[in-house]
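**Student:** You'll find structure-v3.cif just under this line, and it carries mmCIF, C-alpha atoms.
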data_coords
loop_
_atom_site.label_atom_id
_atom_site.label_comp_id
_atom_site.auth_asym_id
_atom_site.auth_seq_id
_atom_site.Cartn_x
_atom_site.Cartn_y
_atom_site.Cartn_z
CA MET A 1 0.00 0.00 0.00
CA ILE A 2 1.40 3.38 -1.03
CA ILE A 3 1.64 6.28 1.41
CA TYR A 4 1.14 9.66 -0.25
CA PRO A 5 2.26 12.70 1.76
CA ALA A 6 -0.03 15.55 0.75
CA ILE A 7 1.13 18.86 -0.66
CA ASP A 8 -1.83 21.20 -1.04
CA LEU A 9 -0.87 24.29 -3.02
CA ARG A 10 -2.51 27.67 -2.66
CA ALA A 11 -0.89 30.86 -3.95
CA GLY A 12 2.41 28.97 -4.20
CA LYS A 13 2.42 27.87 -0.55
CA VAL A 14 1.92 24.52 1.13
CA VAL A 15 -1.29 24.75 3.14
CA ARG A 16 -3.93 22.61 4.79
CA LEU A 17 -7.62 23.46 4.87
CA LYS A 18 -10.10 22.18 7.40
CA GLU A 19 -13.01 20.43 5.62
CA GLY A 20 -11.85 22.13 2.40
CA ASP A 21 -12.79 25.58 3.74
CA PRO A 22 -10.48 28.32 2.36
CA ALA A 23 -11.25 30.46 5.41
CA ARG A 24 -9.79 27.76 7.68
CA GLN A 25 -6.30 27.60 6.26
CA THR A 26 -2.95 26.86 7.88
CA ILE A 27 0.26 27.62 5.98
CA PHE A 28 3.04 25.10 6.58
CA SER A 29 5.66 26.14 4.02
CA ALA A 30 6.41 28.77 1.41
CA ASP A 31 8.60 26.30 -0.52
CA PRO A 32 6.71 23.29 -1.96
CA VAL A 33 9.81 21.78 -3.57
CA ALA A 34 11.72 21.87 -0.28
CA THR A 35 8.74 20.20 1.35
CA ALA A 36 8.75 17.52 -1.34
CA ARG A 37 12.45 16.89 -0.76
CA ARG A 38 11.77 16.52 2.96
CA TRP A 39 9.22 13.79 2.35
CA LYS A 40 11.53 12.07 -0.13
CA ASP A 41 14.36 12.11 2.39
CA GLU A 42 12.03 10.46 4.89
CA GLY A 43 11.18 7.67 2.49
CA ALA A 44 8.30 8.82 0.28
CA GLU A 45 8.17 7.62 -3.32
CA TRP A 46 4.85 9.28 -4.22
CA LEU A 47 3.32 12.64 -3.37
CA HIS A 48 -0.30 13.73 -3.60
CA VAL A 49 -0.30 17.31 -4.93
CA ILE A 50 -3.51 19.32 -5.10
CA ASN A 51 -3.85 22.70 -6.78
CA LEU A 52 -6.39 24.32 -4.46
CA ASP A 53 -6.46 27.44 -6.63
CA GLY A 54 -7.64 25.29 -9.53
CA ALA A 55 -10.12 23.36 -7.42
CA LEU A 56 -11.57 26.63 -6.15
CA GLU A 57 -11.48 28.10 -9.67
CA ALA A 58 -8.83 30.72 -9.01
CA ALA A 59 -6.41 31.55 -11.81
CA ALA A 60 -3.22 29.71 -11.00
CA SER A 61 -1.21 26.90 -12.59
CA PRO A 62 1.27 24.91 -10.50
CA LEU A 63 2.67 22.81 -13.34
CA SER A 64 6.14 24.29 -12.93
CA THR A 65 6.03 23.27 -9.28
CA ALA A 66 4.81 19.79 -10.21
CA ARG A 67 7.66 19.47 -12.70
CA ALA A 68 10.22 20.55 -10.08
CA ILE A 69 8.83 18.03 -7.60
CA ALA A 70 8.92 15.23 -10.19
CA GLU A 71 12.51 16.16 -10.98
CA CYS A 72 13.36 15.43 -7.35
CA GLY A 73 12.79 11.78 -8.23
CA LEU A 74 9.25 11.49 -6.89
CA PHE A 75 6.08 10.19 -8.50
CA VAL A 76 3.43 12.90 -8.46
CA GLN A 77 -0.29 12.29 -8.26
CA MET A 78 -1.94 15.62 -8.97
CA GLY A 79 -5.43 17.09 -9.06
CA GLY A 80 -7.37 20.29 -8.59
CA GLY A 81 -9.23 22.01 -11.40
CA ILE A 82 -8.10 19.62 -14.15
CA ARG A 83 -11.21 19.39 -16.31
CA THR A 84 -10.12 19.02 -19.94
CA ARG A 85 -8.14 16.51 -21.95
CA GLU A 86 -5.65 19.27 -22.76
CA ALA A 87 -5.12 19.97 -19.07
CA VAL A 88 -4.56 16.27 -18.40
CA ALA A 89 -2.02 16.08 -21.23
CA ALA A 90 -0.24 19.20 -19.97
CA ALA A 91 0.06 17.76 -16.47
CA LEU A 92 1.44 14.47 -17.76
CA ASP A 93 3.86 16.33 -20.02
CA ALA A 94 5.05 18.27 -16.96
CA GLY A 95 6.09 15.03 -15.30
CA VAL A 96 2.95 14.19 -13.31
CA ALA A 97 2.56 10.40 -13.08
CA ARG A 98 -1.16 10.29 -12.35
CA VAL A 99 -3.87 12.92 -12.77
CA VAL A 100 -6.87 13.12 -10.44
CA LEU A 101 -10.19 14.02 -12.04
CA GLY A 102 -12.95 15.08 -9.67
CA THR A 103 -15.56 17.51 -10.94
CA ALA A 104 -14.99 16.25 -14.48
CA ALA A 105 -16.08 12.75 -13.51
CA ILE A 106 -19.52 14.14 -12.67
CA GLU A 107 -19.91 16.88 -15.25
CA ASN A 108 -18.15 15.22 -18.18
CA PRO A 109 -17.77 11.46 -17.66
CA THR A 110 -16.89 11.02 -21.33
CA LEU A 111 -13.67 12.90 -20.60
CA VAL A 112 -12.69 10.24 -18.09
CA THR A 113 -13.27 7.47 -20.62
CA GLU A 114 -11.28 9.32 -23.27
CA CYS A 115 -8.37 10.00 -20.92
CA VAL A 116 -8.19 6.39 -19.73
CA ALA A 117 -8.08 5.26 -23.36
CA ALA A 118 -5.55 7.90 -24.42
CA PHE A 119 -3.17 7.91 -21.46
CA GLY A 120 -3.72 4.52 -19.82
CA PRO A 121 -5.61 3.51 -16.67
CA ASP A 122 -2.60 4.00 -14.40
CA SER A 123 -2.36 7.66 -15.44
CA ILE A 124 -5.88 8.56 -14.30
CA CYS A 125 -7.49 8.61 -10.85
CA VAL A 126 -11.08 9.62 -10.14
CA ALA A 127 -11.86 11.55 -6.97
CA LEU A 128 -14.88 10.23 -5.10
CA ASP A 129 -15.06 13.07 -2.56
CA ALA A 130 -18.10 12.82 -0.32
CA ARG A 131 -19.94 15.06 2.11
CA ASP A 132 -22.68 13.38 4.16
CA GLY A 133 -22.58 10.39 1.86
CA TYR A 134 -22.90 12.22 -1.46
CA ILE A 135 -20.31 13.28 -4.03
CA ALA A 136 -19.01 16.83 -3.59
CA THR A 137 -17.53 18.80 -6.51
CA ARG A 138 -15.94 22.16 -7.40
CA GLY A 139 -13.56 22.29 -4.49
CA TRP A 140 -16.19 20.59 -2.31
CA THR A 141 -18.45 23.65 -2.56
CA GLU A 142 -21.29 21.78 -4.30
CA VAL A 143 -22.92 18.49 -3.32
CA THR A 144 -24.56 16.20 -5.88
CA GLU A 145 -27.18 13.47 -5.55
CA GLN A 146 -24.71 10.71 -6.45
CA THR A 147 -23.12 8.35 -3.96
CA PRO A 148 -19.44 7.34 -4.06
CA VAL A 149 -20.36 3.70 -4.68
CA ALA A 150 -22.67 4.47 -7.62
CA LEU A 151 -20.15 6.81 -9.24
CA GLY A 152 -17.29 4.43 -8.52
CA GLN A 153 -19.08 1.55 -10.19
CA ARG A 154 -19.71 3.64 -13.30
CA MET A 155 -16.09 4.72 -13.40
CA ALA A 156 -14.91 1.11 -13.04
CA ASP A 157 -17.16 0.16 -15.96
CA ALA A 158 -15.48 2.94 -17.95
CA GLY A 159 -12.05 1.41 -17.40
CA VAL A 160 -10.91 3.46 -14.40
CA ARG A 161 -8.54 1.60 -12.09
CA HIS A 162 -7.66 4.14 -9.38
CA ALA A 163 -9.97 6.17 -7.14
CA LEU A 164 -9.38 8.64 -4.33
CA TYR A 165 -11.96 8.62 -1.54
CA THR A 166 -12.13 11.62 0.79
CA ASP A 167 -14.67 12.05 3.56
CA VAL A 168 -14.78 15.85 3.42
CA SER A 169 -16.12 16.14 6.96
CA ARG A 170 -12.90 14.59 8.27
CA ASP A 171 -10.36 16.35 6.09
CA GLY A 172 -7.76 18.35 8.00
CA LEU A 173 -9.42 17.75 11.38
CA LEU A 174 -7.33 14.85 12.71
CA THR A 175 -10.50 13.01 13.73
CA GLY A 176 -9.56 9.71 12.13
CA ALA A 177 -10.11 8.16 8.74
CA ALA A 178 -13.34 6.58 7.51
CA VAL A 179 -11.66 3.18 7.48
CA ASP A 180 -14.74 0.96 7.17
CA ALA A 181 -16.40 3.13 4.52
CA THR A 182 -13.20 3.27 2.48
CA ILE A 183 -12.75 -0.50 2.55
CA ALA A 184 -16.42 -1.04 1.67
CA LEU A 185 -16.12 1.33 -1.29
CA ALA A 186 -13.16 -0.63 -2.65
CA GLN A 187 -14.97 -3.93 -2.18
CA GLU A 188 -18.17 -2.72 -3.87
CA THR A 189 -16.47 -1.08 -6.85
CA SER A 190 -13.34 -3.25 -7.34
CA LEU A 191 -11.37 -0.01 -7.70
CA SER A 192 -7.94 0.47 -6.18
CA VAL A 193 -9.10 3.04 -3.63
CA ILE A 194 -6.76 5.56 -2.00
CA ALA A 195 -7.93 6.64 1.44
CA SER A 196 -7.91 10.34 2.27
CA GLY A 197 -9.35 12.65 4.88
CA GLY A 198 -8.47 12.48 8.58
CA VAL A 199 -5.83 9.73 8.44
CA GLN A 200 -3.95 10.20 11.70
CA SER A 201 -2.56 6.94 13.08
CA ALA A 202 -0.47 3.90 12.26
CA GLU A 203 -3.35 1.73 13.48
CA GLU A 204 -5.66 3.12 10.78
CA ILE A 205 -3.03 2.55 8.12
CA ARG A 206 -2.50 -1.03 9.27
CA ALA A 207 -6.25 -1.65 9.10
CA LEU A 208 -6.43 -0.24 5.58
CA ALA A 209 -3.43 -2.28 4.45
CA ALA A 210 -4.70 -5.48 6.08
CA SER A 211 -7.91 -5.29 4.04
CA GLY A 212 -5.94 -6.14 0.91
CA VAL A 213 -8.18 -3.91 -1.23
CA ILE A 214 -6.83 -0.42 -0.50
CA GLY A 215 -4.24 1.01 -2.87
CA GLY A 216 -2.88 3.76 -0.65
CA ALA A 217 -3.47 6.50 1.88
CA VAL A 218 -3.00 10.25 1.61
CA ILE A 219 -1.72 11.83 4.80
CA GLY A 220 -1.62 15.58 5.36
CA MET A 221 -2.30 17.26 8.68
CA ALA A 222 -1.03 14.34 10.78
CA LEU A 223 2.39 14.59 9.11
CA TYR A 224 2.60 18.36 9.21
CA THR A 225 1.67 18.58 12.89
CA GLY A 226 3.95 15.72 13.90
CA MET A 227 1.10 13.52 15.14
CA LEU A 228 2.36 10.78 12.83
CA SER A 229 5.82 10.36 11.35
CA LEU A 230 6.22 9.38 7.73
CA ARG A 231 8.54 6.52 8.69
CA ASP A 232 5.89 5.06 11.00
CA ALA A 233 3.25 5.48 8.30
CA LEU A 234 5.39 3.71 5.71
CA ALA A 235 6.11 0.86 8.12
CA ALA A 236 2.40 0.45 8.94
CA ALA A 237 1.53 0.24 5.26
CA GLN A 238 3.63 -2.88 4.74
CA ARG A 239 1.48 -6.02 4.93
CA ASP A 240 3.06 -8.99 6.70
#
Please go through the file and, once you have read it, give me the structure as C-alpha cells.
**Tutor:**
Amino acid sequence: MIIYPAIDLRAGKVVRLKEGDPARQTIFSADPVATARRWKDEGAEWLHVINLDGALEAAASPLSTARAIAECGLFVQMGGGIRTREAVAAALDAGVARVVLGTAAIENPTLVTECVAAFGPDSICVALDARDGYIATRGWTEVTEQTPVALGQRMADAGVRHALYTDVSRDGLLTGAAVDATIALAQETSLSVIASGGVQSAEEIRALAASGVIGGAVIGMALYTGMLSLRDALAAAQRD
C-alpha cells in the first residue's frame, strides 16, 4: 500500500484546509519543492499534490512546481481544477505520473473514458469526494445526488482503475479516517481506492493495508503537525 504525503498548493504555498474551507487555512511552508524533498528524504516515493487554486477556480497553474517536484525523483499524483483533456495532457507532459479528475467525472464522464483510453488507466485517478454520503464537486463547494459507490461503479465500468476517496467532513481535522467506509467502497467497486481525509494513526493505516483492497493513503495534517511520522506510516503500510 502506497503512502502519499499531501502537498496542497494555494498561492504557491503549502497549506492545509479544514473540511476544504479556504477560510480555515494553515500555511506550513512557502517552498513546496523543499517540502517535497523533505518527504523524499524520509522515504516517500509518491506525493499527492492538489492545486487548491484550480479546485476553487482561481487563476493559478502549479505545473512548474509539479515538474520541479517530479525532478526530485518522486512520482506525483496531482489534481485540482483539471477538467479538460488538454489539461490532463499538460500535467502528464510536466512530469505528473497520475492525474486526479474530480468535478470532471460528474460533469463530463466522457472525458474520463477518453483519458483512460488515451493515457492509460494507471495515469488517471477519479476523486470520489463525499460530504454526508454524497459526491461533492468544485472544491467541495457543491454536493450532488450521487453516492461514491454508484459513481465508482460507473467509473470502473469505464475502465478506471484508481480512485481517491475523501470524507470531506474529516479532512484536516485529525479526527480519524473513515476506514470501514473506504474498505467497503473498494470492495463494492473493485477499484484500487486511495484513502484520504483524517488519516492520523499507524493503526488506521495497518487496518487499511490489512484489508488487501486499498491502494494507498493520503496523509496531510497528521504529518505536518507531527502527530504521525512518515517513517511510522510507511512501516504500517507494509502487509506482513
**Student:** For Val143 (chain A), which residue among A:Ala130, A:Val100, A:Ile2, A:Cys72 is the nearest when counting only C-alpha atoms?
**Tutor:** A:Ala130
**Student:** If we count only C-alpha atoms, what is near Leu223 (chain A) at a cut-off of 9 Å, once residues fewer than 4 positions away on the same chain are taken out, given as JSON, numbers by chain?
**Tutor:** {"A": [5, 6, 200, 219, 227, 228, 229, 230]}
**Student:** Rank nothing, just name the residue among A:Ala118, A:Ala195, A:Ile106, A:Ala222 nearest to Gly152 (chain A), using only C-alpha atoms.
**Tutor:**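 So, comparing all the options, the nearest one is A:Ile106.
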**Student:** Please list as a short mmCIF file (atom, residue, chain, number, x, y, z; two decimals) with C-alpha atoms, in the coordinates of the input every residue within 9 Å of region 156-168 of chain A, counting all atoms listed in the file and excluding residues in the same chain fewer than 2 positions away.
**Tutor:**
data_model
loop_
_atom_site.label_atom_id
_atom_site.label_comp_id
_atom_site.auth_asym_id
_atom_site.auth_seq_id
_atom_site.Cartn_x
_atom_site.Cartn_y
_atom_site.Cartn_z
CA LYS A 18 -10.10 22.18 7.40
CA GLU A 19 -13.01 20.43 5.62
CA GLY A 20 -11.85 22.13 2.40
CA VAL A 100 -6.87 13.12 -10.44
CA PRO A 109 -17.77 11.46 -17.66
CA THR A 110 -16.89 11.02 -21.33
CA VAL A 112 -12.69 10.24 -18.09
CA THR A 113 -13.27 7.47 -20.62
CA VAL A 116 -8.19 6.39 -19.73
CA ALA A 117 -8.08 5.26 -23.36
CA PRO A 121 -5.61 3.51 -16.67
CA ASP A 122 -2.60 4.00 -14.40
CA SER A 123 -2.36 7.66 -15.44
CA ILE A 124 -5.88 8.56 -14.30
CA CYS A 125 -7.49 8.61 -10.85
CA VAL A 126 -11.08 9.62 -10.14
CA ALA A 127 -11.86 11.55 -6.97
CA LEU A 128 -14.88 10.23 -5.10
CA ASP A 129 -15.06 13.07 -2.56
CA ALA A 130 -18.10 12.82 -0.32
CA ARG A 131 -19.94 15.06 2.11
CA ASP A 132 -22.68 13.38 4.16
CA GLY A 133 -22.58 10.39 1.86
CA ALA A 136 -19.01 16.83 -3.59
CA TRP A 140 -16.19 20.59 -2.31
CA PRO A 148 -19.44 7.34 -4.06
CA LEU A 151 -20.15 6.81 -9.24
CA GLY A 152 -17.29 4.43 -8.52
CA GLN A 153 -19.08 1.55 -10.19
CA ARG A 154 -19.71 3.64 -13.30
CA ARG A 170 -12.90 14.59 8.27
CA ASP A 171 -10.36 16.35 6.09
CA GLY A 172 -7.76 18.35 8.00
CA ALA A 177 -10.11 8.16 8.74
CA ALA A 178 -13.34 6.58 7.51
CA THR A 182 -13.20 3.27 2.48
CA LEU A 185 -16.12 1.33 -1.29
CA ALA A 186 -13.16 -0.63 -2.65
CA THR A 189 -16.47 -1.08 -6.85
CA SER A 190 -13.34 -3.25 -7.34
CA LEU A 191 -11.37 -0.01 -7.70
CA SER A 192 -7.94 0.47 -6.18
CA VAL A 193 -9.10 3.04 -3.63
CA ILE A 194 -6.76 5.56 -2.00
CA ALA A 195 -7.93 6.64 1.44
CA SER A 196 -7.91 10.34 2.27
CA GLY A 197 -9.35 12.65 4.88
CA GLY A 198 -8.47 12.48 8.58
CA GLY A 215 -4.24 1.01 -2.87
CA GLY A 216 -2.88 3.76 -0.65
CA ALA A 217 -3.47 6.50 1.88
CA VAL A 218 -3.00 10.25 1.61
#
**Student:** For CA of Ala89 (chain A) and CA of Gly12 (chain A), determine how far apart the two atoms are, in Å to one decimal place.
**Tutor:**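 It comes out at 21.8 Å.
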**Student:** So what do you get for CA of Met221 (chain A) versus CA of Val199 (chain A), distance-wise?
**Tutor:**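 Straight-line distance from CA of Met221 (chain A) to CA of Val199 (chain A) works out to 8.3 Å.
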**Student:** Counting only C-alpha atoms, what is within 10 Å of Leu92 (chain A), bar same-chain residues fewer than 3 positions away, as JSON, numbers by chain?
**Tutor:** {"A": [63, 66, 67, 76, 77, 78, 86, 87, 88, 89, 95, 96, 97, 98, 99, 119, 123]}
**Student:** Find the residues around Leu111 (chain A) up to 8 Å (all atoms listed in the file counted), leave out those fewer than 6 positions away in its own chain, and share them as JSON, numbers by chain.
**Tutor:** {"A": [84, 85, 104, 105]}
**Student:** What gap, in Å, lies between CA of Ala90 (chain A) and CA of Ala68 (chain A)?
**Tutor:**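 Answer for the CA of Ala90 (chain A) to CA of Ala68 (chain A) separation: 14.5 Å.
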**Student:** With only C-alpha atoms as the atoms that count, which of A:Met1, A:Trp39, A:Ala44, A:Asp232 lies nearest to Gly212 (chain A)?
**Tutor:**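 Ranking A:Met1, A:Trp39, A:Ala44, A:Asp232 by distance to Gly212 (chain A), first place goes to A:Met1.
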**Student:** Could you expand the PyMOL selection byres ((chain A and resi 26) around 7) into the explicit residues it covers here, written as a list in words?
**Tutor:**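 Output of the PyMOL selection byres ((chain A and resi 26) around 7): Val15, Arg16, Leu17, Arg24, Gln25, Ile27 and Phe28 of chain A.
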**Student:** Could you check the closest approach to Ala11 (chain A) for each of A:Glu71, A:Asp53, A:Glu42, A:Glu107 and tell me which residue wins, using only C-alpha atoms?
**Tutor:**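 Smallest separation from Ala11 (chain A) among the options: A:Asp53.
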**Student:** Given 8 Å of margin on each side, can you work out the centre and size in Å (one decimal) of an axis-aligned box holding every listed atom of region 122-135 of chain A, as JSON?
**Tutor:**
{"center_x": -12.6, "center_y": 9.5, "center_z": -5.6, "size_x": 36.5, "size_y": 27.1, "size_z": 35.6}
**Student:** Measuring atom to atom with all atoms listed in the file, identify which of A:Thr35, A:Thr144, A:Ser64, A:Ser211 is nearest to Thr103 (chain A).
**Tutor:**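 Nearest to Thr103 (chain A): A:Thr144.
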**Student:** Let me make sure I understand: among A:Lys13, A:Arg37, A:Arg231, A:Arg138, which one has the smallest atom-to-atom distance to Gly81 (chain A) if we use all atoms listed in the file?
**Tutor:**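 Distance minimum relative to Gly81 (chain A) lands on A:Arg138.
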